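Let me begin by presenting the structure, written as structure tokens, before commenting on it.
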Amino acid sequence: MEFVQNFPFICIILTLFSGPLSSILDGKKAKWVNTAVITAVGLMNTAVLAFVIRTGAPYVYRMGHFSAPWGNEIRVGVLEAVMAVFFCIIMLLSMLGGTREREQELEPSKANLYYIMVNLLLSSLMALIYTNDLFTAYVFVEINTISACGLIMIKQNGRTIVGATRYMIMSLLGSGMLLLGICFLYGITGHLLMSNIQEAVGKLYASGQYHAPLVVALGLMTVGLAIKSALYPFHGWLPDAYGYSTVSSAAILSSLVSKGYIFLLLKIFYRVIGADIVRDSRELHVLFVFGILGMIIGSVDAIRESNVRRMIAFSSVAQIGYIYMGFGLGTTAGVIASVFHILSHAATKSLLFISASSLTEVSGDSTDFFDLTGAGYRNKVAGVAFTVGSLSMVGIPMFAGFISKLLFAQAAVECHHKLLPAMIALAVSTVLNAVYFMKTVIRIYTPEKKKVLKERQFLTVRATDQKGKTAVLVCFIALNLFLGIFSEPVVRLLQKGLLMFA
Amino acid sequence: MNFSGLLTNYEEAIAMILFAIGFSNLLLQKNLIKKIIGLNIMDTAMYLFLALKGYIAGRKAPIVVDGVQSVEAYINPIPAGLVLTGIVVSVSVSALMLSLTIRLYRRYHTLNLDEITTMLEKEGL
């Protein structure tokens with residue numbers, strides 16, 4: 001065994017222990033530890049990615065000295081490693097991009113608590129990505145929920161506490177259903193390791209035994225994770241939680257936390273139940289319908305919203321709808337499109353949240369749509385960044401969002417009986433996206449009257465004033481362009497990863 | 001449909017009924033404390049279900065007292081381990097929910113989530 005194969009395990013342990021370490025450090029040092037840990041984890045995951053691409057085969061890492069049906073395992077393939085690297089990049093950029101806001105909004109005595117939560121969140125994401133054990137996945141789902149709740153409520157006003165409470169209630173309902181599904185599966189298969197469960201489920205399915213409990217277990221796990229990742233009818237907590245928390249939290253929550261659950265669901269489909277059985281069970285049709293509803297209703301809600309942060313939050317509901325619609329198509333191409341959309345949405349949504357916070361800063365800290373008039377001139381970098389993010393969300397060529405829409409459309413063509421609804425939903429949702437994003441872009445580039453500017457004394461921020469933030473925004477724009485222009489190798493990597501994944 | 005299985009496996013049926021009671025309380029109650037009680041009923045129902053899955057009639061708990069006996073003498077210990085893990089998780093989320101409730105109560109002097117939402121709208125944050 002090569003040393004690099006230990007890295008996934010080291011990533012999880014390192015992030016898990018840096019949490020308690022941060023609790024005895026002060027805010028500044030905790031921040032350094034956090035940045036160093038995320039960077040180190042990102043580098044280690046890159047090494048793992050290079051290793052699995054070179055060997056071309058997934059590997060299983062035993063935790064402890066017990067082998068298969070008893071011990072706990074980590075399983076690493078290309079898809080997992082790509083996700084892990086990407087999550088680290090987004091997390092690092094989101095943390096760096098929100099430094100100033102965190103310093104202003106958090107009480108100095110509680111600054112280190114924020115980093116504990118971020119470290120635990122990263123550790124749970126890594127564990128969700130790499131684990132091959134269903135019960136371990138459940139435990140880390142709960143750690144993920146608790147740390148996400150901490151990220152929401154650390155900025156203290158009424159909205160965030162209520163948002164956090166609603167988030168916890170919905171999440172706990174979701175994890176209750178997930179746990180019940182896992183218990184059912186354990187009851188009928190007698191295993192907790194994903195590969196063993198899949199073997200047993202395959203046999204049971206072939207013999208026709210326990211068909212009903214199997215379908216119920218799959219349904220419970222799917223609905224549980226859909227609630228947790230804010231699929232359309234369960235998104236009530238989302239706007240408050242994303243709209244009023246500090247900007248790093250909003251960026252991380254929208255681009256990583258919900259994606260961790262979606263990745264676990266993908267794992268359950270492919271590695272626990274088996275893709276064919278999932279397709280036969282017709283549960284994907286339900287996901288397809290709710291995905292489409294989410295795509296449209298999320299966008300309509302976003303149009304009606306006058307608070308720009310909440311508008312971006314509602315747009316997340318629509319994007320989660322896209323991802324579930326891709327799953328619902330039931331083809332490999334649909335899943336590839338969804339996985340690509342996980343990447344492109346993460347890169348775009350965190351860019352939008354961070355640039356929007358810069359724009360509101362130069363508009364007298366108001367998130368109201370009309371106060372943003374001319375904000376693109378007062379902070380030029382943020383204006384450009386917001387425009388890039390909007391164009392990507394709408395799906396203009398060259399940007400990441402275009403590629404995911406193209407992939408969704410191509411996947412829908414393969415799937416005859418779902419072609420029409422999928423295409424209509426894509427078209428309607430794109431138009432609706434264009435309405436609210438372009439409306440905002442036009443608003444930030446409409447010059448504000450000189451009188452108002454004088455009266456309200458809006459700040460003007462130059463690119464050199466906030467070097468760190470400018471660099472982060474440039475990185476995000478580059479990431480978006482990279483996903484948009486060099487999508488070919490990324491998609492090929494994802495296809496290879498999905499083959500290895502199953 | 002054949003419902004006689006519900007009578008022979010009445011323990012499992014009870015676990016599911018308890019789960020449903022807890023779930024609907026967590027979802028529908030307006031009072032935050034009642035919601036948390038619902039959460040705990042839901043989790044406890046799950047532990048009952050798991051414990052039932054591990055029990056094999058006529059066998060003993062897997063604690064070695066007078067020398068290791070054959071595997072046939074003991075019940076399955078894994079569900080017990082899962083229950084312990086589940087209890088730890090449940091304790092921490094209950095604590096977190098209670099602390100959120102205390103925060104909200106100090107701020108708004110009520111435990112009713114709907115009333116709190118209306119007050120928030122009046123605050124106009």
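Quick note on naming: the chains in the structure tokens go A, B, ... in the order shown, residues restart at 1 in each chain, and ligands are numbered from 1 in order of appearance.
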Polymer residues at most 9 Å from Leu21 in chain A, only C-alpha atoms, same-chain spacing of 2 or more positions, as an NGL selection string: :A and (17-19 or 23-25 or 30 or 33 or 116)
Return the neighbours of chain B among the residues of chain A, cut-off 7 Å, counting only C-alpha atoms, as a list in words.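 Going by the stated atoms only, the list reads Gly158, Arg159, Ile161, Thr165, Leu173, Leu180, Cys183 and Gly187 of chain A.
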With a distance cut-off of 10 Å and only C-alpha atoms, select the neighbouring residues of Val52 in chain A, excluding the residue or stretch itself and same-chain residues fewer than 2 positions from it, and output the selection as an MDAnalysis selection string. chainID A and resid 4:5 46:50 54:59 76:79 81 497
Surrounding residues of Leu479 in chain A excluding itself and chain neighbours under 6 positions, 12 Å, only C-alpha atoms, as an NGL selection string: :A and (86 or 89-90 or 93 or 343-348 or 350-351 or 385 or 388-389 or 392 or 398-401 or 472-473 or 485-487)
Write out as a list in words the residues lying within 10 Å of Val71 in chain B, counting only C-alpha atoms and excluding same-chain residues fewer than 5 positions away.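 Neighbouring residues, sequence-local ones excluded: Arg59, Pro62 and Asn76 of chain B.
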Prev. selection, N, CA, C and O atoms, output as an mmCIF file, in the first residue's frame:
data_model
loop_
_atom_site.group_PDB
_atom_site.id
_atom_site.type_symbol
_atom_site.label_atom_id
_atom_site.label_comp_id
_atom_site.auth_asym_id
_atom_site.auth_seq_id
_atom_site.Cartn_x
_atom_site.Cartn_y
_atom_site.Cartn_z
ATOM 1 N N ARG B 59 -31.625 -16.190 23.701
ATOM 2 C CA ARG B 59 -30.174 -16.042 23.829
ATOM 3 C C ARG B 59 -29.831 -14.953 24.847
ATOM 4 O O ARG B 59 -30.682 -14.176 25.243
ATOM 5 N N PRO B 62 -24.375 -10.409 24.891
ATOM 6 C CA PRO B 62 -23.016 -10.865 24.554
ATOM 7 C C PRO B 62 -21.970 -10.360 25.535
ATOM 8 O O PRO B 62 -21.094 -9.572 25.190
ATOM 9 N N ASN B 76 -27.285 -10.586 18.750
ATOM 10 C CA ASN B 76 -26.459 -9.757 17.873
ATOM 11 C C ASN B 76 -26.120 -8.439 18.574
ATOM 12 O O ASN B 76 -27.017 -7.665 18.920
#
Polymer residues at most 10 Å from Ile56 in chain B, only C-alpha atoms, same-chain spacing of 4 or more positions, as an MDAnalysis selection string: chainID B and resid 52 60:61 72:76
How would the residues just picked look written out with N, CA and C atoms as a PDB file, in the first residue's frame?
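Written output follows (result.pdb):
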ATOM      1  N   LEU B  52     -34.937  -4.402  18.819  1.00  0.00           N
ATOM      2  CA  LEU B  52     -35.734  -5.571  18.444  1.00  0.00           C
ATOM      3  C   LEU B  52     -35.040  -6.365  17.343  1.00  0.00           C
ATOM      4  N   LYS B  60     -28.538 -14.912  25.203  1.00  0.00           N
ATOM      5  CA  LYS B  60     -28.112 -13.990  26.261  1.00  0.00           C
ATOM      6  C   LYS B  60     -27.417 -12.769  25.679  1.00  0.00           C
ATOM      7  N   ALA B  61     -27.251 -11.764  26.544  1.00  0.00           N
ATOM      8  CA  ALA B  61     -26.482 -10.585  26.130  1.00  0.00           C
ATOM      9  C   ALA B  61     -25.036 -10.995  25.893  1.00  0.00           C
ATOM     10  N   GLU B  72     -23.754 -19.161  19.012  1.00  0.00           N
ATOM     11  CA  GLU B  72     -25.194 -19.415  19.100  1.00  0.00           C
ATOM     12  C   GLU B  72     -25.786 -18.963  20.433  1.00  0.00           C
ATOM     13  N   ALA B  73     -24.919 -18.751  21.434  1.00  0.00           N
ATOM     14  CA  ALA B  73     -25.446 -18.433  22.767  1.00  0.00           C
ATOM     15  C   ALA B  73     -25.802 -16.959  22.920  1.00  0.00           C
ATOM     16  N   TYR B  74     -25.311 -16.111  22.025  1.00  0.00           N
ATOM     17  CA  TYR B  74     -25.461 -14.677  22.240  1.00  0.00           C
ATOM     18  C   TYR B  74     -26.374 -14.024  21.209  1.00  0.00           C
ATOM     19  N   ILE B  75     -26.923 -12.885  21.583  1.00  0.00           N
ATOM     20  CA  ILE B  75     -27.699 -12.097  20.618  1.00  0.00           C
ATOM     21  C   ILE B  75     -26.744 -11.228  19.794  1.00  0.00           C
ATOM     22  N   ASN B  76     -27.285 -10.586  18.750  1.00  0.00           N
ATOM     23  CA  ASN B  76     -26.459  -9.757  17.873  1.00  0.00           C
ATOM     24  C   ASN B  76     -26.120  -8.439  18.574  1.00  0.00           C
TER      25      ASN B  76
END
CA of Gln495 in chain A to CA of Leu329 in chain A: how many Å, to one decimal?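 CA of Leu329 in chain A lies 16.4 Å from CA of Gln495 in chain A.
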Residues at most 9 Å from Ser229 in chain A, counting only C-alpha atoms, excluding those fewer than 5 positions away in the same chain, as a ChimeraX atom specification? /A:171,224,234-235,257-262,320
In range 16-68 of chain B, what's helix (DSSP H, G or I) per DSSP? Answer as a PyMOL selection string? chain B and resi 16-28+32-54
Save the residues we just selected, C-alpha atoms, as a compact mmCIF listing (two decimals), in the first residue's frame?
# COMPACT_ATOMS: atom_id res chain seq x y z
CA MET B 16 -43.44 2.47 13.95
CA ILE B 17 -46.51 3.98 15.64
CA LEU B 18 -44.23 5.73 18.13
CA PHE B 19 -42.07 6.95 15.27
CA ALA B 20 -45.12 8.41 13.55
CA ILE B 21 -46.26 10.10 16.78
CA GLY B 22 -42.84 11.65 17.31
CA PHE B 23 -42.50 12.67 13.67
CA SER B 24 -45.86 14.39 13.51
CA ASN B 25 -45.23 16.16 16.81
CA LEU B 26 -41.89 17.46 15.58
CA LEU B 27 -43.50 18.60 12.35
CA LEU B 28 -46.83 20.00 13.49
CA LEU B 32 -40.90 24.42 20.61
CA ILE B 33 -40.63 22.28 23.75
CA LYS B 34 -43.31 19.94 22.43
CA LYS B 35 -41.40 19.75 19.18
CA ILE B 36 -38.29 18.65 21.07
CA ILE B 37 -40.31 16.05 22.98
CA GLY B 38 -41.55 14.82 19.61
CA LEU B 39 -37.97 14.57 18.40
CA ASN B 40 -37.05 12.44 21.40
CA ILE B 41 -40.04 10.13 20.96
CA MET B 42 -39.07 9.68 17.31
CA ASP B 43 -35.47 8.81 18.16
CA THR B 44 -36.48 6.48 20.97
CA ALA B 45 -38.85 4.63 18.65
CA MET B 46 -35.91 4.04 16.37
CA TYR B 47 -33.83 2.60 19.21
CA LEU B 48 -36.67 0.27 20.12
CA PHE B 49 -36.81 -0.89 16.50
CA LEU B 50 -33.05 -1.45 16.37
CA ALA B 51 -32.97 -3.28 19.68
CA LEU B 52 -35.73 -5.57 18.44
CA LYS B 53 -33.74 -6.33 15.29
CA GLY B 54 -30.78 -7.44 17.40
Which is closest to Lys496 in chain A among A:Ala36, A:Ile53, A:Ile342, A:Ala382, if we use only C-alpha atoms?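 The shortest atom-to-atom distance to Lys496 in chain A comes from A:Ile53.
Closest approach to Ile152 in chain A from the set A:Leu214, A:Ile303, A:Val118, A:Val139 is made by A:Val118, with distances taken over only C-alpha atoms.
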Atom-to-atom span, CA of Lys203 in chain A and CA of Ala68 in chain A, Å: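 Rounded to one decimal, the two atoms are 18.2 Å apart.
Of the listed residues (A:Ile403, A:Ala217, A:Ala275, A:Cys149), A:Ile403 comes nearest to Glu488 in chain A; the distances count only C-alpha atoms.
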